[in-house]
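> My structure is stored as target-v3.tsv, with TSV, C-alpha atoms.
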chain	number	residue	atom	x	y	z
A	1	MET	CA	-2.61	-13.33	-15.27
A	2	SER	CA	-2.56	-16.05	-12.63
A	3	THR	CA	1.19	-16.35	-12.92
A	4	GLU	CA	1.79	-12.68	-12.27
A	5	VAL	CA	-0.10	-12.45	-9.01
A	6	PRO	CA	1.93	-13.71	-6.03
A	7	PRO	CA	-0.11	-16.12	-3.91
A	8	THR	CA	-0.18	-14.24	-0.63
A	9	ARG	CA	-2.90	-13.97	1.97
A	10	MET	CA	-3.18	-10.28	1.29
A	11	ASN	CA	-3.85	-10.94	-2.34
A	12	GLN	CA	-6.36	-13.52	-1.37
A	13	GLN	CA	-8.24	-10.91	0.62
A	14	ILE	CA	-8.00	-8.36	-2.18
A	15	PHE	CA	-9.42	-10.72	-4.74
A	16	LYS	CA	-12.15	-11.95	-2.45
A	17	VAL	CA	-13.35	-8.38	-2.20
A	18	LYS	CA	-13.13	-7.96	-5.97
A	19	LYS	CA	-15.18	-11.05	-6.54
A	20	LYS	CA	-17.86	-9.81	-4.18
A	21	ALA	CA	-17.97	-6.49	-5.97
A	22	ALA	CA	-18.23	-8.17	-9.37
A	23	GLU	CA	-21.03	-10.42	-8.17
A	24	SER	CA	-23.11	-7.64	-6.69
A	25	GLY	CA	-22.52	-5.53	-9.79
A	26	HIS	CA	-23.71	-8.42	-11.89
A	27	LYS	CA	-26.89	-8.74	-9.88
A	28	LEU	CA	-27.66	-5.04	-10.18
A	29	LEU	CA	-27.07	-5.02	-13.92
A	30	LYS	CA	-29.33	-8.00	-14.36
A	31	LYS	CA	-32.07	-6.13	-12.57
A	32	LYS	CA	-31.54	-3.12	-14.79
A	33	ALA	CA	-31.64	-5.30	-17.89
A	34	ASP	CA	-34.94	-6.81	-16.76
A	35	ALA	CA	-36.46	-3.40	-16.07
A	36	LEU	CA	-35.34	-2.19	-19.48
A	37	LYS	CA	-36.78	-5.24	-21.16
A	38	VAL	CA	-40.18	-4.63	-19.59
A	39	LYS	CA	-40.18	-1.03	-20.76
A	40	PHE	CA	-38.99	-2.13	-24.17
A	41	ARG	CA	-41.86	-4.53	-24.54
A	42	ASP	CA	-44.19	-1.75	-23.49
A	43	TYR	CA	-42.92	0.58	-26.17
A	44	ALA	CA	-43.00	-2.14	-28.79
A	45	LYS	CA	-46.68	-2.75	-28.09
A	46	GLN	CA	-47.51	0.93	-28.13
A	47	ILE	CA	-45.76	1.40	-31.43
A	48	ALA	CA	-47.58	-1.50	-33.00
A	49	GLU	CA	-50.94	-0.10	-31.91
A	50	THR	CA	-50.24	3.48	-32.84
A	51	LYS	CA	-48.94	2.60	-36.28
A	52	GLY	CA	-52.09	0.66	-36.96
A	53	SER	CA	-54.39	3.51	-35.99
A	54	MET	CA	-52.17	5.97	-37.80
A	55	SER	CA	-52.75	4.07	-40.98
A	56	SER	CA	-56.49	4.62	-40.86
A	57	ASP	CA	-56.08	8.26	-39.88
A	58	ALA	CA	-53.82	8.76	-42.85
A	59	SER	CA	-56.33	7.29	-45.27
A	60	SER	CA	-59.08	9.53	-43.97
A	61	ALA	CA	-56.80	12.53	-44.24
A	62	PHE	CA	-56.01	11.72	-47.85
A	63	PHE	CA	-59.64	11.24	-48.55
A	64	SER	CA	-60.47	14.69	-47.26
A	65	LEU	CA	-57.73	16.03	-49.50
A	66	THR	CA	-59.35	14.45	-52.50
A	67	GLN	CA	-62.67	15.93	-51.50
A	68	ALA	CA	-61.10	19.36	-51.19
A	69	GLU	CA	-59.55	19.04	-54.62
A	70	TYR	CA	-62.90	18.21	-56.00
A	71	ALA	CA	-64.42	21.24	-54.38
A	72	ALA	CA	-61.70	23.83	-54.72
A	73	GLY	CA	-59.92	22.73	-57.81
A	74	ASN	CA	-56.23	22.40	-58.14
A	75	PHE	CA	-54.77	24.28	-55.19
A	76	LYS	CA	-51.85	22.03	-54.57
A	77	GLN	CA	-49.42	24.14	-56.48
A	78	LYS	CA	-50.40	27.31	-54.69
A	79	VAL	CA	-49.73	25.64	-51.38
A	80	ALA	CA	-46.18	24.77	-52.25
A	81	GLU	CA	-45.25	28.20	-53.52
A	82	GLY	CA	-44.24	31.30	-51.70
A	83	SER	CA	-42.29	31.70	-48.52
A	84	MET	CA	-43.60	30.07	-45.46
A	85	THR	CA	-42.80	29.71	-41.82
A	86	ALA	CA	-43.55	26.56	-39.91
A	87	ARG	CA	-46.54	26.78	-37.64
A	88	ILE	CA	-45.89	23.49	-35.97
A	89	ARG	CA	-42.59	22.53	-34.45
A	90	VAL	CA	-41.46	19.82	-32.11
A	91	GLY	CA	-39.58	20.28	-28.92
A	92	ALA	CA	-36.99	17.64	-28.16
A	93	GLY	CA	-37.21	16.71	-24.51
A	94	VAL	CA	-35.51	14.01	-22.51
A	95	ASP	CA	-37.30	11.44	-20.41
A	96	ASN	CA	-35.54	9.29	-17.82
A	97	VAL	CA	-36.72	5.69	-17.83
A	98	ALA	CA	-35.02	3.07	-15.65
A	99	GLY	CA	-31.85	5.11	-15.74
A	100	VAL	CA	-31.84	5.59	-19.49
A	101	LYS	CA	-32.36	8.98	-21.06
A	102	LEU	CA	-34.97	8.71	-23.80
A	103	PRO	CA	-35.71	11.48	-26.32
A	104	VAL	CA	-39.30	12.67	-26.45
A	105	PHE	CA	-40.99	14.97	-28.93
A	106	THR	CA	-43.62	17.43	-27.87
A	107	PRO	CA	-45.52	19.39	-30.48
A	108	PHE	CA	-45.96	23.08	-30.08
A	109	GLU	CA	-47.25	25.87	-32.19
A	110	THR	CA	-44.98	28.70	-33.15
A	111	GLY	CA	-47.87	31.06	-33.56
A	112	ALA	CA	-46.73	32.03	-37.03
A	113	THR	CA	-49.43	33.24	-39.31
A	114	ALA	CA	-51.15	30.63	-41.39
A	115	ASP	CA	-50.13	30.81	-45.03
A	116	ASN	CA	-52.45	30.39	-47.90
A	117	GLN	CA	-55.38	31.86	-46.08
A	118	SER	CA	-56.80	32.84	-49.41
A	119	LEU	CA	-56.86	29.33	-50.78
A	120	GLY	CA	-60.43	28.41	-50.46
A	121	LEU	CA	-62.01	31.74	-51.23
A	122	VAL	CA	-63.17	30.69	-54.64
A	123	GLY	CA	-64.84	27.58	-53.44
A	124	GLY	CA	-64.50	24.62	-51.17
A	125	GLY	CA	-63.14	26.67	-48.28
A	126	LYS	CA	-64.74	24.39	-45.76
A	127	LYS	CA	-63.18	21.35	-47.35
A	128	ILE	CA	-59.77	22.93	-47.20
A	129	VAL	CA	-60.26	23.70	-43.55
A	130	ALA	CA	-61.21	20.04	-43.10
A	131	VAL	CA	-57.98	18.99	-44.77
A	132	ARG	CA	-56.01	21.22	-42.44
A	133	GLU	CA	-57.71	19.68	-39.47
A	134	LYS	CA	-57.29	16.10	-40.61
A	135	PHE	CA	-53.65	16.56	-41.36
A	136	SER	CA	-53.05	18.41	-38.12
A	137	HIS	CA	-54.62	15.53	-36.27
A	138	LEU	CA	-52.52	13.08	-38.23
A	139	LEU	CA	-49.46	15.16	-37.43
A	140	GLN	CA	-50.11	14.95	-33.71
A	141	ILE	CA	-50.28	11.19	-33.92
A	142	LEU	CA	-47.15	11.08	-36.03
A	143	ILE	CA	-45.25	13.20	-33.53
A	144	LYS	CA	-46.27	10.84	-30.78
A	145	LEU	CA	-45.19	7.93	-32.94
A	146	ALA	CA	-41.85	9.57	-33.60
A	147	SER	CA	-41.33	9.90	-29.85
A	148	LEU	CA	-42.15	6.25	-29.33
A	149	GLN	CA	-39.85	5.27	-32.15
A	150	THR	CA	-36.81	7.15	-30.90
A	151	SER	CA	-37.39	5.95	-27.36
A	152	PHE	CA	-37.66	2.44	-28.72
A	153	GLN	CA	-34.40	2.70	-30.58
A	154	THR	CA	-32.57	4.24	-27.64
A	155	LEU	CA	-33.93	1.57	-25.30
A	156	ASP	CA	-32.82	-1.06	-27.76
A	157	GLU	CA	-29.26	0.21	-27.64
A	158	ALA	CA	-29.27	0.53	-23.86
A	159	LEU	CA	-30.63	-2.99	-23.51
A	160	LYS	CA	-27.93	-4.37	-25.78
A	161	VAL	CA	-25.16	-2.62	-23.86
A	162	THR	CA	-26.49	-3.73	-20.49
A	163	ASN	CA	-26.83	-7.33	-21.63
A	164	ARG	CA	-23.33	-7.22	-22.99
A	165	ARG	CA	-22.01	-6.06	-19.63
A	166	VAL	CA	-23.98	-8.72	-17.76
A	167	ASN	CA	-22.59	-11.41	-20.01
A	168	ALA	CA	-19.06	-10.05	-19.73
A	169	LEU	CA	-19.25	-10.14	-15.96
A	170	GLU	CA	-20.82	-13.57	-15.93
A	171	ASN	CA	-18.59	-15.31	-18.43
A	172	VAL	CA	-15.28	-13.52	-18.18
A	173	THR	CA	-14.65	-11.42	-15.10
A	174	ILE	CA	-16.11	-13.56	-12.34
A	175	PRO	CA	-14.66	-16.88	-13.58
A	176	LYS	CA	-11.27	-15.22	-13.93
A	177	ILE	CA	-11.31	-13.97	-10.36
A	178	GLN	CA	-12.53	-17.35	-9.21
A	179	LYS	CA	-9.66	-19.11	-10.95
A	180	LEU	CA	-7.23	-16.71	-9.36
A	181	LEU	CA	-8.66	-17.31	-5.91
A	182	ASP	CA	-8.42	-21.06	-6.46
A	183	TYR	CA	-4.82	-20.71	-7.55
A	184	ILE	CA	-3.91	-18.62	-4.50
A	185	LEU	CA	-5.62	-21.09	-2.21
A	186	ARG	CA	-3.78	-24.02	-3.75
A	187	GLU	CA	-0.44	-22.27	-3.52
A	188	LEU	CA	-1.03	-21.25	0.08
A	189	ASP	CA	-1.89	-24.83	0.94
A	190	GLU	CA	1.21	-26.01	-0.84
A	191	LEU	CA	3.39	-23.54	1.04
A	192	GLU	CA	1.84	-24.57	4.32
A	193	ARG	CA	2.55	-28.20	3.62
A	194	GLU	CA	6.12	-27.41	2.68
A	195	ASP	CA	6.54	-25.45	5.85
A	196	PHE	CA	5.06	-28.26	7.88
A	197	THR	CA	7.33	-30.86	6.30
A	198	ARG	CA	10.38	-28.69	6.81
A	199	LEU	CA	9.52	-28.04	10.43
A	200	LYS	CA	9.12	-31.76	11.01
A	201	LEU	CA	12.51	-32.41	9.44
A	202	VAL	CA	14.13	-29.73	11.57
A	203	GLN	CA	12.50	-31.12	14.66
A	204	SER	CA	13.70	-34.66	14.03
A	205	ALA	CA	17.18	-33.35	13.19
A	206	LYS	CA	17.24	-31.43	16.43
A	207	GLU	CA	16.08	-34.45	18.38
A	208	ALA	CA	18.80	-36.59	16.85
A	209	HIS	CA	21.37	-33.92	17.66
A	210	GLN	CA	20.05	-33.69	21.22
A	211	LYS	CA	20.38	-37.45	21.68
A	212	GLU	CA	23.97	-37.31	20.47
A	213	ALA	CA	24.84	-34.46	22.84
A	214	GLU	CA	23.32	-36.40	25.74
A	215	ALA	CA	25.30	-39.49	24.84
A	216	GLU	CA	28.51	-37.41	24.66
A	217	LYS	CA	27.81	-35.86	28.04
A	218	LYS	CA	27.30	-39.27	29.62
A	219	LYS	CA	30.62	-40.45	28.23
A	220	LEU	CA	32.43	-37.40	29.55
A	221	ILE	CA	30.85	-37.73	33.01
A	222	ALA	CA	31.86	-41.36	33.07
A	223	ALA	CA	35.40	-40.33	32.16
A	224	GLY	CA	35.31	-37.56	34.78
A	225	LYS	CA	36.21	-34.84	32.29
A	226	TYR	CA	32.81	-33.13	32.10
A	227	LYS	CA	33.02	-29.41	32.58
A	228	HIS	CA	30.33	-28.15	34.86
A	229	ALA	CA	27.91	-25.71	33.39
A	230	ASP	CA	28.59	-23.03	36.07
A	231	LYS	CA	32.26	-22.58	35.31
A	232	ALA	CA	32.20	-22.00	31.58
A	233	ASN	CA	28.82	-20.41	31.60
A	234	GLU	CA	29.25	-17.94	28.87
A	235	GLU	CA	31.01	-20.35	26.60
A	236	ASP	CA	28.36	-23.01	26.89
A	237	ILE	CA	25.51	-20.64	26.42
A	238	THR	CA	27.00	-19.06	23.34
A	239	ALA	CA	27.96	-22.53	22.14
A	240	GLN	CA	24.35	-23.50	22.23
A	241	PHE	CA	23.58	-20.78	19.73
A	242	ASP	CA	26.58	-21.41	17.63
A	243	ALA	CA	25.27	-21.12	14.10
A	244	GLN	CA	27.95	-23.23	12.47
A	245	ASP	CA	26.63	-26.45	13.94
A	246	ASP	CA	23.10	-26.04	12.82
A	247	ALA	CA	22.62	-27.41	9.34
A	248	ASP	CA	19.28	-25.82	8.68
A	249	VAL	CA	20.20	-22.26	9.53
A	250	VAL	CA	21.29	-20.58	6.39
A	251	PHE	CA	22.77	-17.14	6.33
B	1	MET	CA	-33.69	29.37	-36.81
B	2	GLU	CA	-34.13	31.03	-33.44
B	3	ALA	CA	-37.27	29.07	-32.65
B	4	ALA	CA	-36.89	26.64	-29.80
B	5	GLY	CA	-38.35	23.61	-31.47
B	6	LYS	CA	-37.19	21.50	-34.33
B	7	LEU	CA	-38.85	21.30	-37.70
B	8	ILE	CA	-40.68	18.41	-39.26
B	9	ALA	CA	-39.40	17.57	-42.73
B	10	VAL	CA	-41.53	15.82	-45.35
B	11	ILE	CA	-40.46	13.80	-48.37
B	12	GLY	CA	-43.55	12.66	-50.17
B	13	ASP	CA	-45.78	12.74	-53.18
B	14	GLU	CA	-47.74	15.82	-54.01
B	15	ASP	CA	-50.81	14.92	-51.98
B	16	THR	CA	-48.87	14.06	-48.88
B	17	VAL	CA	-46.77	17.17	-48.92
B	18	THR	CA	-49.74	19.40	-49.69
B	19	GLY	CA	-51.66	17.98	-46.79
B	20	PHE	CA	-48.86	18.54	-44.35
B	21	LEU	CA	-48.09	21.97	-45.68
B	22	LEU	CA	-51.68	22.88	-45.01
B	23	ALA	CA	-51.23	21.60	-41.49
B	24	GLY	CA	-48.35	24.01	-41.12
B	25	VAL	CA	-45.10	22.10	-41.16
B	26	GLY	CA	-43.63	23.86	-44.14
B	27	HIS	CA	-40.73	26.13	-43.59
B	28	ARG	CA	-38.89	27.83	-46.36
B	29	THR	CA	-36.17	30.38	-46.12
B	30	ALA	CA	-33.45	31.53	-48.42
B	31	SER	CA	-31.22	28.69	-47.33
B	32	GLY	CA	-33.71	25.99	-48.20
B	33	SER	CA	-36.93	24.29	-47.35
B	34	ASN	CA	-37.84	21.33	-45.26
B	35	PHE	CA	-39.97	19.45	-47.73
B	36	LEU	CA	-39.56	17.72	-51.05
B	37	ILE	CA	-42.35	16.85	-53.44
B	38	VAL	CA	-41.46	13.65	-55.20
B	39	LYS	CA	-43.13	13.31	-58.57
B	40	SER	CA	-42.93	10.45	-60.99
B	41	ASP	CA	-40.06	12.12	-62.82
B	42	THR	CA	-38.03	12.99	-59.75
B	43	GLN	CA	-34.58	11.48	-59.80
B	44	GLN	CA	-33.74	9.02	-57.10
B	45	LYS	CA	-30.55	10.94	-56.45
B	46	THR	CA	-32.57	14.05	-55.67
B	47	VAL	CA	-34.51	12.13	-53.09
B	48	GLU	CA	-31.35	10.68	-51.59
B	49	ASP	CA	-29.67	14.07	-51.43
B	50	ALA	CA	-32.69	15.66	-49.83
B	51	PHE	CA	-32.85	12.92	-47.25
B	52	LYS	CA	-29.14	13.17	-46.48
B	53	SER	CA	-29.39	16.92	-46.11
B	54	TYR	CA	-32.37	16.68	-43.75
B	55	ILE	CA	-30.69	14.26	-41.43
B	56	THR	CA	-27.54	16.32	-41.19
B	57	ARG	CA	-29.36	19.54	-40.39
B	58	ASP	CA	-29.68	20.05	-36.68
B	59	ASP	CA	-32.89	22.05	-36.86
B	60	ILE	CA	-34.93	19.09	-38.06
B	61	GLY	CA	-36.38	16.72	-35.50
B	62	ILE	CA	-38.57	14.40	-37.56
B	63	VAL	CA	-38.45	13.30	-41.20
B	64	LEU	CA	-41.74	12.03	-42.62
B	65	ILE	CA	-41.40	9.94	-45.72
B	66	ASN	CA	-43.92	8.07	-47.83
B	67	GLN	CA	-43.39	4.39	-47.64
B	68	HIS	CA	-43.10	3.79	-51.37
B	69	ILE	CA	-40.45	6.48	-51.59
B	70	ALA	CA	-38.69	5.01	-48.57
B	71	ASN	CA	-38.47	1.74	-50.42
B	72	ASN	CA	-36.58	3.42	-53.22
B	73	ILE	CA	-33.93	4.72	-50.89
B	74	ARG	CA	-34.03	1.71	-48.59
B	75	HIS	CA	-30.27	1.29	-48.89
B	76	VAL	CA	-29.72	4.72	-47.38
B	77	LEU	CA	-32.31	4.14	-44.67
B	78	LYS	CA	-30.81	0.81	-43.70
B	79	ASP	CA	-27.56	2.46	-42.61
B	80	TYR	CA	-29.31	5.24	-40.77
B	81	ASN	CA	-29.19	4.91	-37.03
B	82	GLN	CA	-29.23	8.37	-35.54
B	83	THR	CA	-31.79	9.06	-32.87
B	84	ILE	CA	-32.48	12.60	-33.94
B	85	PRO	CA	-33.90	13.29	-36.41
B	86	THR	CA	-36.16	10.28	-36.33
B	87	VAL	CA	-37.41	8.84	-39.61
B	88	LEU	CA	-41.09	7.95	-39.81
B	89	GLU	CA	-42.60	6.03	-42.73
B	90	ILE	CA	-46.14	7.04	-43.61
B	91	PRO	CA	-48.59	5.68	-46.14
B	92	SER	CA	-49.61	7.61	-49.18
B	93	LYS	CA	-52.89	7.87	-50.98
B	94	GLU	CA	-52.05	5.13	-53.43
B	95	HIS	CA	-49.95	2.96	-51.20
B	96	PRO	CA	-51.59	2.12	-47.92
B	97	TYR	CA	-49.46	1.24	-44.95
B	98	ASP	CA	-47.65	-2.05	-45.08
B	99	PRO	CA	-46.04	-2.92	-41.77
B	100	ALA	CA	-43.91	-5.63	-43.32
B	101	GLN	CA	-41.79	-3.04	-45.08
B	102	ASP	CA	-41.33	-0.69	-42.19
B	103	TYR	CA	-37.95	-1.25	-40.60
B	104	ILE	CA	-39.10	-0.26	-37.15
B	105	MET	CA	-42.11	-2.55	-37.30
B	106	GLN	CA	-39.85	-5.42	-38.30
B	107	ARG	CA	-37.79	-4.81	-35.19
B	108	VAL	CA	-40.93	-4.55	-33.07
B	109	ASN	CA	-42.39	-7.76	-34.41
B	110	MET	CA	-39.10	-9.59	-34.13
B	111	PHE	CA	-39.03	-8.66	-30.48
B	112	LEU	CA	-42.67	-9.39	-29.72
B	113	THR	CA	-42.88	-12.69	-31.53
B	114	GLY	CA	-39.30	-13.78	-31.04
B	115	GLY	CA	-40.15	-14.21	-27.40
B	116	SER	CA	-38.10	-13.18	-24.41
B	117	GLY	CA	-34.75	-14.19	-25.82
B	118	ASP	CA	-32.01	-12.16	-24.16
Output the structure of this file as structure tokens.

Amino acid sequence: MSTEVPPTRMNQQIFKVKKKAAESGHKLLKKKADALKVKFRDYAKQIAETKGSMSSDASSAFFSLTQAEYAAGNFKQKVAEGSMTARIRVGAGVDNVAGVKLPVFTPFETGATADNQSLGLVGGGKKIVAVREKFSHLLQILIKLASLQTSFQTLDEALKVTNRRVNALENVTIPKIQKLLDYILRELDELEREDFTRLKLVQSAKEAHQKEAEAEKKKLIAAGKYKHADKANEEDITAQFDAQDDADVVF
Amino acid sequence: MEAAGKLIAVIGDEDTVTGFLLAGVGHRTASGSNFLIVKSDTQQKTVEDAFKSYITRDDIGIVLINQHIANNIRHVLKDYNQTIPTVLEIPSKEHPYDPAQDYIMQRVNMFLTGGSGD
């Protein structure tokens, strides 16, 4: 790419601006990555805790189920039969954290009628109610856990993407622009030096020419053949600018 | 399903599913249900198919699955990376919760103990 960009001052300005933009973008992204990381750590901790407590809630729920079986007999089959409508559903909401949209689950009741109301009529009704409660409680915790989990996964992705962009800026874009700027600077310096050298050459050539002309004039004056400047004014003046004599003027 | 929320699907052994059905997650219509009772004679393919169907349905928000069953279809779970529905591994009566097997917990621990590596 450095060979395609002509080393002009305008380009130098353009790329200086680009470099500034890339650097400030890099700084902002780094900040975002740090904020995301903090949140990520937060979620990771919460998940670890909640899963632990969920485990004990689950065991107690299963225990109550066993108790109910003992009291009410085998009701499991009856539960699974028949048509049923869900009483608990989850709403999928979106939460905005450090610029990242995270999915969140909120439980809500549909208000549908409870099925199997007649389950515990023969015996152990209370125990069955206890099972319902325990599992409902467990469900609430699980819904919260599901929220944490999805947020965690989404944050994970966002963190990866942001880090990737930070690294890309740091290791590819900014060094590239820097190299380009260095190249332009070098070339401009080179051109300046060339110009300077050429000017010096022209100057010395002109001086030499001037000295010759002076010497000629002196000879002519001595020989009395020198034409005065007033008489052939136009000729002399145009002769001064005669392009054919000047070696360094190229048309 | 005109209801605003999403359903919670359950793939588990009889006890697990019964418990959650009592809590009210079960939903069954003519097109299908959102739970699968996995018994000792249930084919692994049935479990896989049920799981695949739950995650492709857009009316399911969460899939609860017993951990020991999750282990049997671990190869399917490994490739799963959708955000919704989210897959949650839960313990069963016989198999208490083992965080080492839970994919999410592995990620959590890797992050917490692996330090602040970027």
> Contacts of region 56-62 of chain A at 7 Å or less, counting all atoms listed in the file, minus same-chain residues fewer than 2 places along, as number ranges by chain?
A: 53-54, 64-66, 131, 134-135, 138; B: 91, 93
> Which residues are close to Gln140 (chain A), i.e. within 10 Å by all atoms listed in the file, leaving aside same-chain residues fewer than 3 positions away? Reply as JSON, numbers by chain.
{"A": [88, 106, 107, 108, 135, 136, 137, 143, 144, 145, 146]}
> For chain B versus chain A, which residues have an atom no more than 8 Å away, and what is each residue's nearest atom pair and distance in Å rounded to one decimal, using all atoms listed in the file, chain-then-number order, as a Markdown table?

| residue | atom | partner | partner_atom | distance |
| --- | --- | --- | --- | --- |
| B:Ala3 | CA | A:Thr110 | CA | 7.7 |
| B:Ala4 | CA | A:Gly91 | CA | 7.0 |
| B:Gly5 | CA | A:Gly91 | CA | 4.4 |
| B:Lys6 | CA | A:Val90 | CA | 5.1 |
| B:Leu7 | CA | A:Arg89 | CA | 5.1 |
| B:Ile8 | CA | A:Arg89 | CA | 6.6 |
| B:Glu14 | CA | A:Lys76 | CA | 7.5 |
| B:Asp15 | CA | A:Phe62 | CA | 7.4 |
| B:Thr16 | CA | A:Phe62 | CA | 7.6 |
| B:Thr18 | CA | A:Lys76 | CA | 5.9 |
| B:Gly19 | CA | A:Phe135 | CA | 6.0 |
| B:Phe20 | CA | A:Phe135 | CA | 6.0 |
| B:Leu21 | CA | A:Val79 | CA | 7.0 |
| B:Leu22 | CA | A:Arg132 | CA | 5.3 |
| B:Ala23 | CA | A:Arg132 | CA | 4.9 |
| B:Gly24 | CA | A:Arg87 | CA | 4.8 |
| B:Val25 | CA | A:Ala86 | CA | 4.9 |
| B:Gly26 | CA | A:Ala86 | CA | 5.0 |
| B:His27 | CA | A:Thr85 | CA | 4.5 |
| B:Arg28 | CA | A:Met84 | CA | 5.3 |
| B:Thr29 | CA | A:Ser83 | CA | 6.7 |
| B:Gly61 | CA | A:Val90 | CA | 6.8 |
| B:Ile62 | CA | A:Ala146 | CA | 7.1 |
| B:Thr83 | CA | A:Thr150 | CA | 5.7 |
| B:Ile84 | CA | A:Thr150 | CA | 7.6 |
| B:Thr86 | CA | A:Thr150 | CA | 6.3 |
| B:Val87 | CA | A:Ala146 | CA | 7.5 |
| B:Leu88 | CA | A:Ala146 | CA | 6.5 |
| B:Ile90 | CA | A:Ser55 | CA | 7.7 |
| B:Pro91 | CA | A:Ser55 | CA | 6.8 |
| B:Ser92 | CA | A:Ala58 | CA | 7.7 |
| B:Lys93 | CA | A:Phe62 | CA | 5.9 |
| B:Pro96 | CA | A:Ser55 | CA | 7.3 |
| B:Tyr97 | CA | A:Ser55 | CA | 5.9 |
| B:Ile104 | CA | A:Gln149 | CA | 7.5 |
| B:Met105 | CA | A:Ala48 | CA | 7.0 |
| B:Val108 | CA | A:Ala44 | CA | 5.3 |
| B:Asn109 | CA | A:Ala44 | CA | 8.0 |
| B:Phe111 | CA | A:Arg41 | CA | 7.8 |
| B:Leu112 | CA | A:Arg41 | CA | 7.1 |
| B:Asp118 | CA | A:Asn163 | CA | 7.5 |
> How many Å separate CA of Leu36 (chain A) from CA of Ala98 (chain A)?
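Pair CA of Leu36 (chain A) / CA of Ala98 (chain A) returns 6.5 Å.
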> Applying 7 Å and all atoms listed in the file, which residues near region 34-50 of chain B remain after dropping the ones on its own chain fewer than 2 positions away? List them as number ranges by chain.
B: 9-14, 17, 26-28, 32, 52-54, 73
> Just to confirm, what's the straight-line distance from CA of Arg57 (chain B) to CA of Lys101 (chain A) in Å (one decimal)?
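Taking CA of Arg57 (chain B) as the start and CA of Lys101 (chain A) as the end point, the length is 22.2 Å.
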> Restricting the calculation to all atoms listed in the file: of B:Ile60, B:Phe51, B:Arg107, B:Glu94, which residue gets closest to Asn72 (chain B)?
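Smallest distance to Asn72 (chain B) is found for B:Phe51.
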> Some atoms are absent from region 103-114 of chain B, so rebuild N, CA and C atoms and return them as a PDB file, keeping the file's coordinate frame.

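selection.pdb written:
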ATOM      1  N   TYR B 103     -39.072  -0.696 -41.343  1.00  0.00           N
ATOM      2  CA  TYR B 103     -37.950  -1.250 -40.600  1.00  0.00           C
ATOM      3  C   TYR B 103     -38.227  -1.324 -39.106  1.00  0.00           C
ATOM      4  N   ILE B 104     -38.832  -0.284 -38.585  1.00  0.00           N
ATOM      5  CA  ILE B 104     -39.100  -0.260 -37.150  1.00  0.00           C
ATOM      6  C   ILE B 104     -40.079  -1.354 -36.766  1.00  0.00           C
ATOM      7  N   MET B 105     -41.111  -1.524 -37.609  1.00  0.00           N
ATOM      8  CA  MET B 105     -42.110  -2.550 -37.300  1.00  0.00           C
ATOM      9  C   MET B 105     -41.476  -3.927 -37.341  1.00  0.00           C
ATOM     10  N   GLN B 106     -40.515  -4.113 -38.246  1.00  0.00           N
ATOM     11  CA  GLN B 106     -39.850  -5.420 -38.300  1.00  0.00           C
ATOM     12  C   GLN B 106     -39.158  -5.704 -36.967  1.00  0.00           C
ATOM     13  N   ARG B 107     -38.480  -4.656 -36.470  1.00  0.00           N
ATOM     14  CA  ARG B 107     -37.790  -4.810 -35.190  1.00  0.00           C
ATOM     15  C   ARG B 107     -38.796  -5.099 -34.086  1.00  0.00           C
ATOM     16  N   VAL B 108     -39.922  -4.361 -34.101  1.00  0.00           N
ATOM     17  CA  VAL B 108     -40.930  -4.550 -33.070  1.00  0.00           C
ATOM     18  C   VAL B 108     -41.472  -5.982 -33.110  1.00  0.00           C
ATOM     19  N   ASN B 109     -41.826  -6.419 -34.312  1.00  0.00           N
ATOM     20  CA  ASN B 109     -42.390  -7.760 -34.410  1.00  0.00           C
ATOM     21  C   ASN B 109     -41.387  -8.831 -34.034  1.00  0.00           C
ATOM     22  N   MET B 110     -40.146  -8.620 -34.447  1.00  0.00           N
ATOM     23  CA  MET B 110     -39.100  -9.590 -34.130  1.00  0.00           C
ATOM     24  C   MET B 110     -39.003  -9.727 -32.615  1.00  0.00           C
ATOM     25  N   PHE B 111     -39.133  -8.601 -31.923  1.00  0.00           N
ATOM     26  CA  PHE B 111     -39.030  -8.660 -30.480  1.00  0.00           C
ATOM     27  C   PHE B 111     -40.265  -9.282 -29.857  1.00  0.00           C
ATOM     28  N   LEU B 112     -41.449  -8.906 -30.363  1.00  0.00           N
ATOM     29  CA  LEU B 112     -42.670  -9.390 -29.720  1.00  0.00           C
ATOM     30  C   LEU B 112     -42.916 -10.866 -29.992  1.00  0.00           C
ATOM     31  N   THR B 113     -42.591 -11.287 -31.218  1.00  0.00           N
ATOM     32  CA  THR B 113     -42.880 -12.690 -31.530  1.00  0.00           C
ATOM     33  C   THR B 113     -41.678 -13.584 -31.264  1.00  0.00           C
ATOM     34  N   GLY B 114     -40.494 -12.989 -31.286  1.00  0.00           N
ATOM     35  CA  GLY B 114     -39.300 -13.780 -31.040  1.00  0.00           C
ATOM     36  C   GLY B 114     -39.224 -14.242 -29.600  1.00  0.00           C
TER      37      GLY B 114
END
